[in-house]
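Student: Here it is: the structure, laid out below.
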Amino acid sequence: MLLTVVATAAVGTLIAQHIAGKATRDALFLTYFPVEQLPLMMMVSAAISVAGVLLMSRLLARFGPAGLIPVVFAVSTGWLLMQWATIDAQPRIAAAVLYVQISSINSLLISGFWSVINERFDPHSAKKVIARLAAAATFGGLAGGILAKVVSSAADTHAVLLMLALMHGACGMAVWWIGHDVEKTGKPQERISLLAPLRSSSLIRTMAILALVVATLAAVLDYVLKAEAAATLTDEQLISFFSYFYVAIGLGGFLLQATIGNRALGWLGLGGTMLAWPLAILVMGGVTLVARSLLTAALLRGTANVLYNSFYRTGFEVLYTPIPAEHKRTGKVMIDVGADRAGDLVGGFIVMVILLLPVFSESVLLVTALALAAICAILMLVLKRNYSQQLADNLRSGVLKVDDVQAVDSTTVKTLAETQLAIDRESLLQQIEQKRQHEAAKNVSPGPAPPERQAAETTE
């Protein structure tokens, strides 16, 4: 019971710290740097994140999550304390380091936290615990933005850095306590090439391409919002704006998930659930293109975030269903980290190139975002077809069994029904053919014995 309480408090604090950190990161960066330098910082953060993933994978294999993650929390806490202590003397350096830390290190810590949870709880109790932790994470997302606003109003934006450090310090101690009796060394695993899933499956290749384009689109939309915020708001107003913005996103995602949740898969199917995301961007992007302002840019980015965290991710996770287990973990790393971070790099590069245009760069950015949204919609339609085909092929070949597939959407239900019907029909035809051959063999009368056998029998 105490273990669950500590884990629930830890995940709530962890997500609250991340959301408050994002609001502070954006506010401080736009305060001390021109918005035109944001694409370069996005690219640097993405590159560091990729390097961090490669390093963490090696360290996790050696020390295990329970041994490594508390140390990383301690390092993060130390960095935040240094930023808090030096921001008055070196504000630009502190703002840049914070941007990189929140954009790259925090995602690794969140992933590492869940690794510790998965190793600490047995599979039977993990389902109930993870459901509680997911609810605590949602609450933490709402609380994070509010905390950033309250602390910055009571003191100043710099004081939020101290709060962020204390929150990560508390998370590190909680994670150490949760995993203190877990085996600290990693379990030896067969090393699989990161490119193996891409070579083996057209479904994974298309998923990786979609994740790349989605991340690229998100980077462009992120810049559009922050450029409007930097041009419209004062330095003092930035922390309040981003705090309220992330609170609104958390609340919107919570309400959408609570009212609709996975039911969207049953109502809209796999393709319809995922298509809601780019279609909403096309509509809101058109509105923003016609009437560009901070309000329309915020609505565009907010709508994209809310639907991404609910509809898009819900549908995208279903796409992993027909992928064999030996390729699923590696494929998720390639897609969720590799393709996503590569999209940040591509998005930052696209923004930098468009900003070189002498005029109309803001409008070109929005048109680019609309074009990327249209490409996403086309890729989703291709993925739906590839998903049904690979699921059916794996069921027929025996790689997957019908009982192993959890049908939560209409596309999977239809594919399962059609494939099961085809398998049953093929099995029935084989049984009929075998019975026909057996009956034919019984009806064949034995012919006369060959002369050599007759001669042998006469001699005897």
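By order of appearance in the structure tokens: chains A, B, ..., then residues from 1 within every chain, and ligands from 1 in the order shown.
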Could you list, with a cut-off of 6 Å and counting only C-alpha atoms, the residues of stretch 27-49 of chain A near stretch 92-96 of chain A, each shown with its nearest atom pair and the distance in Å rounded to one decimal, rows sorted by chain and ascending number, as a Markdown table?

Tutor:
```
| residue | atom | partner | partner_atom | distance |
| --- | --- | --- | --- | --- |
| A:Leu28 | CA | A:Ala95 | CA | 5.7 |
| A:Phe29 | CA | A:Ala95 | CA | 5.5 |
| A:Tyr32 | CA | A:Arg92 | CA | 5.8 |
```

Student: Taking the DSSP assignment computed from this structure's backbone, write out as a ChimeraX atom specification all residues of stretch 189-423 of chain A that belong to helix (DSSP H, G or I).

Tutor: /A:196-200,202-232,235-259,263-290,294-318,325-355,361-397,402-404,410-423

Student: With the cut-off set at 12 Å and counting only C-alpha atoms, tabulate each residue of stretch 15-129 of chain A with an atom at most that distance from an atom of stretch 237-259 of chain A, showing the nearest atom pair and its distance in Å to one decimal, ordered by chain and increasing number, as JSON lines.

Tutor:
```
{"residue": "A:Ile15", "atom": "CA", "partner": "A:Gly250", "partner_atom": "CA", "distance": 10.8}
{"residue": "A:Ala16", "atom": "CA", "partner": "A:Val247", "partner_atom": "CA", "distance": 10.3}
{"residue": "A:His18", "atom": "CA", "partner": "A:Tyr246", "partner_atom": "CA", "distance": 10.5}
{"residue": "A:Ile19", "atom": "CA", "partner": "A:Tyr246", "partner_atom": "CA", "distance": 6.8}
{"residue": "A:Ala20", "atom": "CA", "partner": "A:Ser243", "partner_atom": "CA", "distance": 7.1}
{"residue": "A:Gly21", "atom": "CA", "partner": "A:Ser243", "partner_atom": "CA", "distance": 9.6}
{"residue": "A:Lys22", "atom": "CA", "partner": "A:Phe242", "partner_atom": "CA", "distance": 8.1}
{"residue": "A:Ala23", "atom": "CA", "partner": "A:Phe242", "partner_atom": "CA", "distance": 5.0}
{"residue": "A:Thr24", "atom": "CA", "partner": "A:Ile239", "partner_atom": "CA", "distance": 6.2}
{"residue": "A:Arg25", "atom": "CA", "partner": "A:Ile239", "partner_atom": "CA", "distance": 9.0}
{"residue": "A:Asp26", "atom": "CA", "partner": "A:Phe242", "partner_atom": "CA", "distance": 7.3}
{"residue": "A:Ala27", "atom": "CA", "partner": "A:Ile239", "partner_atom": "CA", "distance": 5.1}
{"residue": "A:Leu28", "atom": "CA", "partner": "A:Ile239", "partner_atom": "CA", "distance": 8.0}
{"residue": "A:Phe29", "atom": "CA", "partner": "A:Leu238", "partner_atom": "CA", "distance": 10.0}
{"residue": "A:Leu30", "atom": "CA", "partner": "A:Leu238", "partner_atom": "CA", "distance": 8.0}
{"residue": "A:Thr31", "atom": "CA", "partner": "A:Leu238", "partner_atom": "CA", "distance": 8.0}
{"residue": "A:Tyr32", "atom": "CA", "partner": "A:Leu238", "partner_atom": "CA", "distance": 11.7}
```

Student: Mind giving me the straight-line distance from atom CA of A:Asp344 to atom CA of A:Met42 in Å, one decimal?

Tutor: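 Interatomic distance here is 6.5 Å.
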
Student: Residues near A:Leu109, anyone? I mean within 9 Å using only C-alpha atoms, not counting same-chain ones fewer than 5 positions away, as a PDB file with N, CA, C and O atoms, in the first residue's frame.

Tutor:
```pdb
ATOM      1  N   LEU A  14       6.478  14.162 -10.881  1.00  0.00           N
ATOM      2  CA  LEU A  14       7.322  14.105 -12.077  1.00  0.00           C
ATOM      3  C   LEU A  14       6.672  14.819 -13.258  1.00  0.00           C
ATOM      4  O   LEU A  14       7.304  15.631 -13.947  1.00  0.00           O
ATOM      5  N   ILE A  69      18.437   5.381 -12.734  1.00  0.00           N
ATOM      6  CA  ILE A  69      17.513   6.516 -12.810  1.00  0.00           C
ATOM      7  C   ILE A  69      17.629   7.456 -11.600  1.00  0.00           C
ATOM      8  O   ILE A  69      17.621   8.676 -11.774  1.00  0.00           O
ATOM      9  N   VAL A  72      20.464   9.772 -12.302  1.00  0.00           N
ATOM     10  CA  VAL A  72      20.144  10.789 -13.313  1.00  0.00           C
ATOM     11  C   VAL A  72      19.269  11.880 -12.710  1.00  0.00           C
ATOM     12  O   VAL A  72      19.424  13.071 -13.027  1.00  0.00           O
ATOM     13  N   PHE A  73      18.346  11.505 -11.834  1.00  0.00           N
ATOM     14  CA  PHE A  73      17.541  12.516 -11.129  1.00  0.00           C
ATOM     15  C   PHE A  73      18.440  13.435 -10.303  1.00  0.00           C
ATOM     16  O   PHE A  73      18.228  14.655 -10.251  1.00  0.00           O
ATOM     17  N   TRP A 114       9.059   4.812 -15.629  1.00  0.00           N
ATOM     18  CA  TRP A 114       8.138   3.718 -15.954  1.00  0.00           C
ATOM     19  C   TRP A 114       8.868   2.381 -16.043  1.00  0.00           C
ATOM     20  O   TRP A 114       8.298   1.332 -15.749  1.00  0.00           O
TER      21      TRP A 114
END
```

Student: Give me, as a list in words, all polymer residues having an atom no more than 6 Å from stretch 309-322 of chain A, counting only C-alpha atoms and skipping those fewer than 6 positions away in the same chain.

Tutor: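 Once the nearby chain positions are removed, what remains is Leu270, Thr273, Met274 and Leu391 of chain A.
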
Student: Next, write the just-selected residues to a file, as a PDB file, in the first residue's frame, keeping C-alpha atoms as the atom set.

Tutor:
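Result file follows (out_39.pdb):
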```pdb
ATOM      1  CA  LEU A 270      -8.609   3.074 -36.576  1.00  0.00           C
ATOM      2  CA  THR A 273      -9.533   8.131 -34.985  1.00  0.00           C
ATOM      3  CA  MET A 274      -6.091   9.005 -36.314  1.00  0.00           C
ATOM      4  CA  LEU A 391      -2.534  -8.468 -39.179  1.00  0.00           C
TER       5      LEU A 391
END
```

Student: With distances taken over only C-alpha atoms, which of A:Leu372, A:Met82, A:Val11, A:Ala339 is nearest to A:Ala170?

Tutor: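 Of the candidates, the smallest distance to A:Ala170 is held by A:Val11.
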